[in-house]
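Trainee: Structure in structure tokens, see below.
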Amino acid sequence: MKAVVVFFLTLICQWNNVFAANTPSPSFNDPLFPLQFYLNERYGVTMNIHKAWEKGLTGKGVTICINDPTGVEKDHSEIASKFVVEGSFDYKTNSSDPTPDSPALYDGPFSHGTAMAGLALAKANNGKCIVGVAYDAKFSGIKHYLGSSEPANPKRFAYMMEYAHHINDIYLCSWGPLSIYSASVGYVEEPIEAAIKNATEKGRGGKGSIYLFAAGNSGQFNGSCAFDEYVTSIYTIGISVVTGKNVGSRQNMACSAVHAVTYARDLSLGLKYPHDRMPSCALQNKCIENDGASSGANAVAAGILALVLQANSNLGWRDVQHLVARSSCSKFSSVEWKINKAGLRYSDFFGFGLLDADALTTNAKNWTNVGQHLECVMTLPNTPKRIDGVATTTEIVDLSSWPNLCGGEGKRINFLEHVVMRFSLNFTRRTNLEIEVESPGGSISVLLRSGRIMDSFQEIKNLSIMSLQFWGENPRGRWQIRLRNVKPDPKQNGTLYNWSMKLYGTANDPMAGNTVVASQIKINQTSTASPPTTMSSSTPNIEKQSTPYFTKPASLLTSTDPCTDKNSQPCGSATTKEPSVMIAALLVSFTFFSNIF
């Protein structure tokens, strides 16, 4: 019976492909591969992963550490032969076995780490579940589930965070800090921060292990990843979601530290269409169809970056971040885009855009490593300043007058990478307060957005917020920091106790020895709502900015504009050709459930 189902499924998928996007579809015998919309080149979406595969890049020689609270079912047939025991650790038992504690419910939360492993590196052509992005990569597992009554010991947690960094090339961390929902926000315990820094600088033989963190799923509650101390670290890469309909997930958390997006399922939606699904692995050697969110997007990103490291194993951790900034696709018309002074397009929701495996691996192959990493700390004489409830409060620092800008000849930052701002303040209603920074070149980065969560506190102490959005700019000149109440009220006010700025970058142009190929991804979109209005010519570095900087553009997460990209003709819907797709999905589901029962 199964053979008959698979036969008809293959016929239907091939028939559907005639009417779908005119791109070749890879062929695998893994039963849920037809539902991996981001891999099979159907339904009008792609990350050009198949093009990287065609170059022989499948993750071989790369180890991805699944650093997950739940652990990993290392004996799952999709990944068992790939397990690297030397890179694995269980926080609770001090053993090298990351097997989950509660495997009874295969589709429950304890399958999380196993699902992440599947998305990143599940075997191809083994007739089971799915195809991993880096299907020849190996994996290790680090389990650190503590339980609500077991607070983490910072020193032991730090030990776990950098465990076996000489073995683990990529740390896949699809989880966030509990402090996001408490009054203690934005702080990484010093030993943990030091551990991540150490592994990033010394892992992989001194080239640096790559840390990937999910950007979070509380966007529908106006949550901001600016309060996620892991996403806002300069040593990590923050990943968010674009759905199969080529719009941002309603769960996406916006912040200036998001690096990029990959395709994943919006968990707030149902399972109506194939591009609403994201199949993966689960406990008890089973498969699931309902994974996704920023966790799933992060796992896909880990697989893509494994292909990149195979293309060039000499890349440093900063080289990888440069490649993401220069190689991603930003052709989506469904989100706001800004252009910084260095010519890079960026978004608070999509970072530098969609990861393009083909562009990333092509650019990585002949990449020249970037120069020495420089750090410049602005020690500014701060005195407490009133934050007005109606008027904008502005702080200015002119870096033109700083002698050598924190360094002598050859040590002066001329090309920015990360900018980190630290604030101590209070405000009557903190969730109405938003903060933006404008660079000398006129680029604007919103550091702190308004939101409804975290209403229980008014004071912020030494909160660090990182921005990637000045990447490539020269920091010399006049910087402005603006604080504003999004709901002006004379009864609301506060105090800015102090603030500081850290700049990171290079003295020499990191692109001097590099020529990059731009992303060739074509985004097919149709309009379901009126396009957002365009800002006036007085703000030339803004594209499709429909709302003031201090208002979250929620409508941009669920609607699209007419496709205006000349390279994307003809503009088609990513949700067409659904009758045959639905039949295929039903047959896939039948095959899947017959495997379970």
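Ordering of the structure tokens sets the chain letters (A, B, ...), residue numbers begin anew at 1 in every chain, and ligands are numbered from 1 in the order given.
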Taking only range 275-304 of chain A into account, list the residues labelled helix (DSSP H, G or I) by DSSP (computed from the backbone), as a list of chain:residue names.

Mentor: A:His275, A:Asp276, A:Ala293, A:Ser294, A:Ser295, A:Gly296, A:Ala297, A:Asn298, A:Ala299, A:Val300, A:Ala301, A:Ala302, A:Gly303, A:Ile304

Trainee: Got time to write the residues from that selection, N, CA, C and O atoms, as a PDB file, in the first residue's frame?

Mentor:
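Output below, filename part.pdb:
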```pdb
ATOM      1  N   HIS A 275       2.861  25.030   2.202  1.00  0.00           N
ATOM      2  CA  HIS A 275       3.820  25.998   2.720  1.00  0.00           C
ATOM      3  C   HIS A 275       3.442  26.501   4.117  1.00  0.00           C
ATOM      4  O   HIS A 275       4.086  27.389   4.648  1.00  0.00           O
ATOM      5  N   ASP A 276       2.376  25.932   4.709  1.00  0.00           N
ATOM      6  CA  ASP A 276       2.087  26.159   6.121  1.00  0.00           C
ATOM      7  C   ASP A 276       2.721  25.067   6.988  1.00  0.00           C
ATOM      8  O   ASP A 276       2.615  25.110   8.207  1.00  0.00           O
ATOM      9  N   ALA A 293       8.512  28.291  13.271  1.00  0.00           N
ATOM     10  CA  ALA A 293       8.834  29.498  14.038  1.00  0.00           C
ATOM     11  C   ALA A 293      10.322  29.829  13.912  1.00  0.00           C
ATOM     12  O   ALA A 293      11.026  29.285  13.066  1.00  0.00           O
ATOM     13  N   SER A 294      10.804  30.733  14.751  1.00  0.00           N
ATOM     14  CA  SER A 294      12.195  31.156  14.617  1.00  0.00           C
ATOM     15  C   SER A 294      13.161  30.030  14.984  1.00  0.00           C
ATOM     16  O   SER A 294      14.303  30.020  14.537  1.00  0.00           O
ATOM     17  N   SER A 295      12.699  29.064  15.790  1.00  0.00           N
ATOM     18  CA  SER A 295      13.533  27.893  16.074  1.00  0.00           C
ATOM     19  C   SER A 295      13.831  27.140  14.784  1.00  0.00           C
ATOM     20  O   SER A 295      14.984  26.810  14.486  1.00  0.00           O
ATOM     21  N   GLY A 296      12.770  26.852  14.025  1.00  0.00           N
ATOM     22  CA  GLY A 296      12.958  26.141  12.769  1.00  0.00           C
ATOM     23  C   GLY A 296      13.771  26.935  11.765  1.00  0.00           C
ATOM     24  O   GLY A 296      14.628  26.387  11.055  1.00  0.00           O
ATOM     25  N   ALA A 297      13.498  28.232  11.688  1.00  0.00           N
ATOM     26  CA  ALA A 297      14.274  29.085  10.783  1.00  0.00           C
ATOM     27  C   ALA A 297      15.747  29.062  11.153  1.00  0.00           C
ATOM     28  O   ALA A 297      16.633  29.039  10.282  1.00  0.00           O
ATOM     29  N   ASN A 298      16.029  29.064  12.440  1.00  0.00           N
ATOM     30  CA  ASN A 298      17.399  29.038  12.920  1.00  0.00           C
ATOM     31  C   ASN A 298      18.102  27.737  12.532  1.00  0.00           C
ATOM     32  O   ASN A 298      19.281  27.729  12.159  1.00  0.00           O
ATOM     33  N   ALA A 299      17.375  26.613  12.614  1.00  0.00           N
ATOM     34  CA  ALA A 299      17.952  25.328  12.227  1.00  0.00           C
ATOM     35  C   ALA A 299      18.267  25.285  10.739  1.00  0.00           C
ATOM     36  O   ALA A 299      19.304  24.748  10.323  1.00  0.00           O
ATOM     37  N   VAL A 300      17.383  25.844   9.916  1.00  0.00           N
ATOM     38  CA  VAL A 300      17.645  25.928   8.482  1.00  0.00           C
ATOM     39  C   VAL A 300      18.889  26.780   8.228  1.00  0.00           C
ATOM     40  O   VAL A 300      19.747  26.436   7.400  1.00  0.00           O
ATOM     41  N   ALA A 301      19.011  27.885   8.964  1.00  0.00           N
ATOM     42  CA  ALA A 301      20.186  28.751   8.819  1.00  0.00           C
ATOM     43  C   ALA A 301      21.464  28.003   9.190  1.00  0.00           C
ATOM     44  O   ALA A 301      22.509  28.166   8.534  1.00  0.00           O
ATOM     45  N   ALA A 302      21.400  27.174  10.232  1.00  0.00           N
ATOM     46  CA  ALA A 302      22.573  26.405  10.627  1.00  0.00           C
ATOM     47  C   ALA A 302      23.003  25.475   9.502  1.00  0.00           C
ATOM     48  O   ALA A 302      24.209  25.320   9.228  1.00  0.00           O
ATOM     49  N   GLY A 303      22.023  24.855   8.846  1.00  0.00           N
ATOM     50  CA  GLY A 303      22.353  23.998   7.718  1.00  0.00           C
ATOM     51  C   GLY A 303      22.993  24.770   6.574  1.00  0.00           C
ATOM     52  O   GLY A 303      23.981  24.324   5.976  1.00  0.00           O
ATOM     53  N   ILE A 304      22.450  25.945   6.275  1.00  0.00           N
ATOM     54  CA  ILE A 304      23.016  26.758   5.193  1.00  0.00           C
ATOM     55  C   ILE A 304      24.442  27.183   5.519  1.00  0.00           C
ATOM     56  O   ILE A 304      25.340  27.124   4.665  1.00  0.00           O
TER      57      ILE A 304
END
```

Trainee: Please list as an MDAnalysis selection string every residue within 8 Å of range 432-440 of chain A, counting only C-alpha atoms and excluding residues in the same chain fewer than 5 positions away.

Mentor: chainID A and resid 427 445:451 470 475:487 550

Trainee: Create the file for the chosen residues now, containing N, CA and C atoms and written as a PDB file, in the first residue's frame.

Mentor:
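And here's out.pdb as it stands now:
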```
ATOM      1  N   PHE A 427      11.348  55.216  33.280  1.00  0.00           N
ATOM      2  CA  PHE A 427      10.286  55.955  32.603  1.00  0.00           C
ATOM      3  C   PHE A 427       8.963  55.486  33.190  1.00  0.00           C
ATOM      4  N   SER A 445      18.591  53.712  13.208  1.00  0.00           N
ATOM      5  CA  SER A 445      18.361  52.393  13.767  1.00  0.00           C
ATOM      6  C   SER A 445      17.507  52.530  15.018  1.00  0.00           C
ATOM      7  N   VAL A 446      16.368  51.811  15.037  1.00  0.00           N
ATOM      8  CA  VAL A 446      15.499  51.818  16.211  1.00  0.00           C
ATOM      9  C   VAL A 446      16.018  50.760  17.181  1.00  0.00           C
ATOM     10  N   LEU A 447      16.530  51.196  18.313  1.00  0.00           N
ATOM     11  CA  LEU A 447      17.094  50.270  19.284  1.00  0.00           C
ATOM     12  C   LEU A 447      16.042  49.675  20.199  1.00  0.00           C
ATOM     13  N   LEU A 448      15.104  50.481  20.605  1.00  0.00           N
ATOM     14  CA  LEU A 448      14.099  50.027  21.566  1.00  0.00           C
ATOM     15  C   LEU A 448      12.727  50.427  21.063  1.00  0.00           C
ATOM     16  N   ARG A 449      11.894  49.433  20.792  1.00  0.00           N
ATOM     17  CA  ARG A 449      10.540  49.679  20.316  1.00  0.00           C
ATOM     18  C   ARG A 449       9.559  49.641  21.467  1.00  0.00           C
ATOM     19  N   SER A 450       8.402  50.249  21.242  1.00  0.00           N
ATOM     20  CA  SER A 450       7.349  50.157  22.251  1.00  0.00           C
ATOM     21  C   SER A 450       6.759  48.753  22.218  1.00  0.00           C
ATOM     22  N   GLY A 451       6.151  48.357  23.315  1.00  0.00           N
ATOM     23  CA  GLY A 451       5.567  47.029  23.372  1.00  0.00           C
ATOM     24  C   GLY A 451       4.693  46.876  24.596  1.00  0.00           C
ATOM     25  N   PHE A 470      24.359  49.803  10.949  1.00  0.00           N
ATOM     26  CA  PHE A 470      25.342  50.774  10.454  1.00  0.00           C
ATOM     27  C   PHE A 470      26.522  50.059   9.802  1.00  0.00           C
ATOM     28  N   PRO A 475      32.264  55.767  11.160  1.00  0.00           N
ATOM     29  CA  PRO A 475      31.604  56.322  12.354  1.00  0.00           C
ATOM     30  C   PRO A 475      31.918  57.786  12.629  1.00  0.00           C
ATOM     31  N   ARG A 476      32.860  58.373  11.918  1.00  0.00           N
ATOM     32  CA  ARG A 476      33.227  59.753  12.210  1.00  0.00           C
ATOM     33  C   ARG A 476      32.080  60.705  11.912  1.00  0.00           C
ATOM     34  N   GLY A 477      31.901  61.644  12.820  1.00  0.00           N
ATOM     35  CA  GLY A 477      30.852  62.629  12.625  1.00  0.00           C
ATOM     36  C   GLY A 477      29.895  62.692  13.797  1.00  0.00           C
ATOM     37  N   ARG A 478      28.730  63.240  13.537  1.00  0.00           N
ATOM     38  CA  ARG A 478      27.763  63.575  14.581  1.00  0.00           C
ATOM     39  C   ARG A 478      26.708  62.472  14.729  1.00  0.00           C
ATOM     40  N   TRP A 479      26.689  61.827  15.895  1.00  0.00           N
ATOM     41  CA  TRP A 479      25.693  60.814  16.219  1.00  0.00           C
ATOM     42  C   TRP A 479      24.603  61.435  17.089  1.00  0.00           C
ATOM     43  N   GLN A 480      23.366  61.000  16.858  1.00  0.00           N
ATOM     44  CA  GLN A 480      22.245  61.473  17.664  1.00  0.00           C
ATOM     45  C   GLN A 480      21.503  60.285  18.281  1.00  0.00           C
ATOM     46  N   ILE A 481      21.231  60.388  19.566  1.00  0.00           N
ATOM     47  CA  ILE A 481      20.436  59.389  20.279  1.00  0.00           C
ATOM     48  C   ILE A 481      19.154  60.074  20.714  1.00  0.00           C
ATOM     49  N   ARG A 482      18.013  59.549  20.257  1.00  0.00           N
ATOM     50  CA  ARG A 482      16.730  60.191  20.530  1.00  0.00           C
ATOM     51  C   ARG A 482      15.822  59.244  21.318  1.00  0.00           C
ATOM     52  N   LEU A 483      15.212  59.789  22.370  1.00  0.00           N
ATOM     53  CA  LEU A 483      14.265  59.047  23.204  1.00  0.00           C
ATOM     54  C   LEU A 483      12.909  59.732  23.091  1.00  0.00           C
ATOM     55  N   ARG A 484      11.861  58.924  22.877  1.00  0.00           N
ATOM     56  CA  ARG A 484      10.553  59.511  22.600  1.00  0.00           C
ATOM     57  C   ARG A 484       9.448  58.657  23.196  1.00  0.00           C
ATOM     58  N   ASN A 485       8.429  59.324  23.728  1.00  0.00           N
ATOM     59  CA  ASN A 485       7.228  58.651  24.208  1.00  0.00           C
ATOM     60  C   ASN A 485       6.283  58.491  23.017  1.00  0.00           C
ATOM     61  N   VAL A 486       5.955  57.256  22.643  1.00  0.00           N
ATOM     62  CA  VAL A 486       5.111  57.036  21.465  1.00  0.00           C
ATOM     63  C   VAL A 486       3.669  57.458  21.719  1.00  0.00           C
ATOM     64  N   LYS A 487       3.293  57.620  22.982  1.00  0.00           N
ATOM     65  CA  LYS A 487       1.963  58.110  23.334  1.00  0.00           C
ATOM     66  C   LYS A 487       2.146  59.355  24.199  1.00  0.00           C
ATOM     67  N   PHE A 550       8.897  55.419  15.165  1.00  0.00           N
ATOM     68  CA  PHE A 550       8.585  54.985  16.518  1.00  0.00           C
ATOM     69  C   PHE A 550       7.266  54.231  16.617  1.00  0.00           C
TER      70      PHE A 550
END
```

Trainee: What is the distance, in Å and to one decimal place, between CA of Pro191 in chain A and CA of Asn67 in chain A?

Mentor: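 These atoms are spaced 17.4 Å apart.
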
Trainee: For the strand (DSSP E) assignment from backbone DSSP, which residues of range 22-185 of chain A qualify? Please present them as a list in words.

Mentor: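 Taking range 22-185 of chain A and keeping strand (DSSP E) gives Thr63, Ile64, Cys65, Ile66, Asn67, Asp68, Phe89, Asp90, Lys138, Phe139, Ser140, Gly141, Ile142, Lys143, Ile170, Tyr171, Leu172 and Cys173 of chain A.
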
Trainee: Export, as a PDB file, in the first residue's frame, the selected residues with N, CA, C and O atoms.

Mentor:
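The new file out.pdb reads:
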```
ATOM      1  N   THR A  63      30.562  20.067  11.845  1.00  0.00           N
ATOM      2  CA  THR A  63      29.807  19.555  12.987  1.00  0.00           C
ATOM      3  C   THR A  63      28.917  20.650  13.554  1.00  0.00           C
ATOM      4  O   THR A  63      29.405  21.721  13.930  1.00  0.00           O
ATOM      5  N   ILE A  64      27.621  20.375  13.609  1.00  0.00           N
ATOM      6  CA  ILE A  64      26.646  21.304  14.176  1.00  0.00           C
ATOM      7  C   ILE A  64      26.279  20.809  15.565  1.00  0.00           C
ATOM      8  O   ILE A  64      25.814  19.679  15.732  1.00  0.00           O
ATOM      9  N   CYS A  65      26.473  21.649  16.563  1.00  0.00           N
ATOM     10  CA  CYS A  65      26.106  21.299  17.934  1.00  0.00           C
ATOM     11  C   CYS A  65      24.671  21.747  18.189  1.00  0.00           C
ATOM     12  O   CYS A  65      24.367  22.943  18.126  1.00  0.00           O
ATOM     13  N   ILE A  66      23.791  20.791  18.473  1.00  0.00           N
ATOM     14  CA  ILE A  66      22.403  21.114  18.806  1.00  0.00           C
ATOM     15  C   ILE A  66      22.372  21.440  20.295  1.00  0.00           C
ATOM     16  O   ILE A  66      22.248  20.561  21.149  1.00  0.00           O
ATOM     17  N   ASN A  67      22.537  22.709  20.604  1.00  0.00           N
ATOM     18  CA  ASN A  67      22.556  23.185  21.988  1.00  0.00           C
ATOM     19  C   ASN A  67      21.116  23.531  22.354  1.00  0.00           C
ATOM     20  O   ASN A  67      20.595  24.578  21.971  1.00  0.00           O
ATOM     21  N   ASP A  68      20.458  22.611  23.063  1.00  0.00           N
ATOM     22  CA  ASP A  68      19.019  22.737  23.222  1.00  0.00           C
ATOM     23  C   ASP A  68      18.595  22.343  24.632  1.00  0.00           C
ATOM     24  O   ASP A  68      19.159  21.406  25.210  1.00  0.00           O
ATOM     25  N   PHE A  89      27.240  16.890  25.553  1.00  0.00           N
ATOM     26  CA  PHE A  89      27.276  17.086  27.006  1.00  0.00           C
ATOM     27  C   PHE A  89      25.858  17.227  27.539  1.00  0.00           C
ATOM     28  O   PHE A  89      25.011  17.867  26.923  1.00  0.00           O
ATOM     29  N   ASP A  90      25.598  16.608  28.706  1.00  0.00           N
ATOM     30  CA  ASP A  90      24.335  16.752  29.424  1.00  0.00           C
ATOM     31  C   ASP A  90      24.612  17.534  30.703  1.00  0.00           C
ATOM     32  O   ASP A  90      25.340  17.063  31.584  1.00  0.00           O
ATOM     33  N   LYS A 138      27.740  16.388  10.408  1.00  0.00           N
ATOM     34  CA  LYS A 138      27.638  15.627  11.641  1.00  0.00           C
ATOM     35  C   LYS A 138      27.053  16.530  12.727  1.00  0.00           C
ATOM     36  O   LYS A 138      26.942  17.744  12.544  1.00  0.00           O
ATOM     37  N   PHE A 139      26.706  15.913  13.874  1.00  0.00           N
ATOM     38  CA  PHE A 139      26.134  16.718  14.943  1.00  0.00           C
ATOM     39  C   PHE A 139      26.591  16.207  16.306  1.00  0.00           C
ATOM     40  O   PHE A 139      26.934  15.046  16.495  1.00  0.00           O
ATOM     41  N   SER A 140      26.593  17.118  17.252  1.00  0.00           N
ATOM     42  CA  SER A 140      26.725  16.798  18.668  1.00  0.00           C
ATOM     43  C   SER A 140      25.504  17.362  19.371  1.00  0.00           C
ATOM     44  O   SER A 140      24.735  18.120  18.781  1.00  0.00           O
ATOM     45  N   GLY A 141      25.318  16.983  20.629  1.00  0.00           N
ATOM     46  CA  GLY A 141      24.165  17.477  21.364  1.00  0.00           C
ATOM     47  C   GLY A 141      24.554  17.961  22.741  1.00  0.00           C
ATOM     48  O   GLY A 141      25.330  17.306  23.449  1.00  0.00           O
ATOM     49  N   ILE A 142      24.043  19.117  23.117  1.00  0.00           N
ATOM     50  CA  ILE A 142      24.211  19.638  24.482  1.00  0.00           C
ATOM     51  C   ILE A 142      22.817  19.854  25.063  1.00  0.00           C
ATOM     52  O   ILE A 142      22.015  20.593  24.487  1.00  0.00           O
ATOM     53  N   LYS A 143      22.536  19.186  26.170  1.00  0.00           N
ATOM     54  CA  LYS A 143      21.221  19.278  26.796  1.00  0.00           C
ATOM     55  C   LYS A 143      21.337  20.069  28.096  1.00  0.00           C
ATOM     56  O   LYS A 143      22.206  19.789  28.918  1.00  0.00           O
ATOM     57  N   ILE A 170      29.478  24.879  14.592  1.00  0.00           N
ATOM     58  CA  ILE A 170      28.298  25.735  14.689  1.00  0.00           C
ATOM     59  C   ILE A 170      27.509  25.327  15.915  1.00  0.00           C
ATOM     60  O   ILE A 170      27.241  24.135  16.125  1.00  0.00           O
ATOM     61  N   TYR A 171      27.136  26.296  16.743  1.00  0.00           N
ATOM     62  CA  TYR A 171      26.253  26.055  17.880  1.00  0.00           C
ATOM     63  C   TYR A 171      24.858  26.542  17.513  1.00  0.00           C
ATOM     64  O   TYR A 171      24.632  27.740  17.320  1.00  0.00           O
ATOM     65  N   LEU A 172      23.922  25.593  17.388  1.00  0.00           N
ATOM     66  CA  LEU A 172      22.542  25.904  17.031  1.00  0.00           C
ATOM     67  C   LEU A 172      21.744  26.055  18.313  1.00  0.00           C
ATOM     68  O   LEU A 172      21.460  25.077  19.012  1.00  0.00           O
ATOM     69  N   CYS A 173      21.358  27.297  18.638  1.00  0.00           N
ATOM     70  CA  CYS A 173      20.681  27.617  19.900  1.00  0.00           C
ATOM     71  C   CYS A 173      19.305  28.201  19.596  1.00  0.00           C
ATOM     72  O   CYS A 173      19.164  29.414  19.417  1.00  0.00           O
TER      73      CYS A 173
END
```

Trainee: With only C-alpha atoms as the counted atoms, please give the residues lying no more than 8 Å from Ala325 in chain A, apart from itself and same-chain residues fewer than 3 positions off, as a PyMOL selection string.

Mentor: chain A and resi 259+321-322+328+344+352

Trainee: What gap, in Å, lies between CA of Pro98 in chain A and CA of Thr70 in chain A?

Mentor: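 Spanning CA of Pro98 in chain A to CA of Thr70 in chain A is a straight-line distance of 8.2 Å.
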
Trainee: Quick check, in Å to one decimal: how far apart do CA of Val261 in chain A and CA of Ile465 in chain A lie?

Mentor: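 For CA of Val261 in chain A relative to CA of Ile465 in chain A, the distance reads 19.7 Å.
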
Trainee: Please provide as number ranges by chain all residues within 7 Å of Lys60 in chain A, with the sequence filter that same-chain residues fewer than 4 positions apart are discarded (counting only C-alpha atoms).

Mentor: A: 136-137, 310

Trainee: Those selected residues, please, written with N, CA and C atoms and delivered as a PDB file, in the first residue's frame.

Mentor:
```pdb
ATOM      1  N   ASP A 136      24.920  15.944   4.893  1.00  0.00           N
ATOM      2  CA  ASP A 136      26.142  15.180   5.158  1.00  0.00           C
ATOM      3  C   ASP A 136      26.914  15.717   6.364  1.00  0.00           C
ATOM      4  N   ALA A 137      26.371  16.701   7.060  1.00  0.00           N
ATOM      5  CA  ALA A 137      27.034  17.230   8.255  1.00  0.00           C
ATOM      6  C   ALA A 137      26.876  16.258   9.417  1.00  0.00           C
ATOM      7  N   GLN A 310      31.780  24.495   4.600  1.00  0.00           N
ATOM      8  CA  GLN A 310      32.378  23.492   3.728  1.00  0.00           C
ATOM      9  C   GLN A 310      33.005  24.154   2.507  1.00  0.00           C
TER      10      GLN A 310
END
```

Trainee: Looking at A:Ser95, A:Ser347, A:Ser330, A:Ser27, which one is nearest to Gln469 in chain A, with distances taken over only C-alpha atoms?

Mentor: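 Ranking A:Ser95, A:Ser347, A:Ser330, A:Ser27 by distance to Gln469 in chain A, first place goes to A:Ser347.
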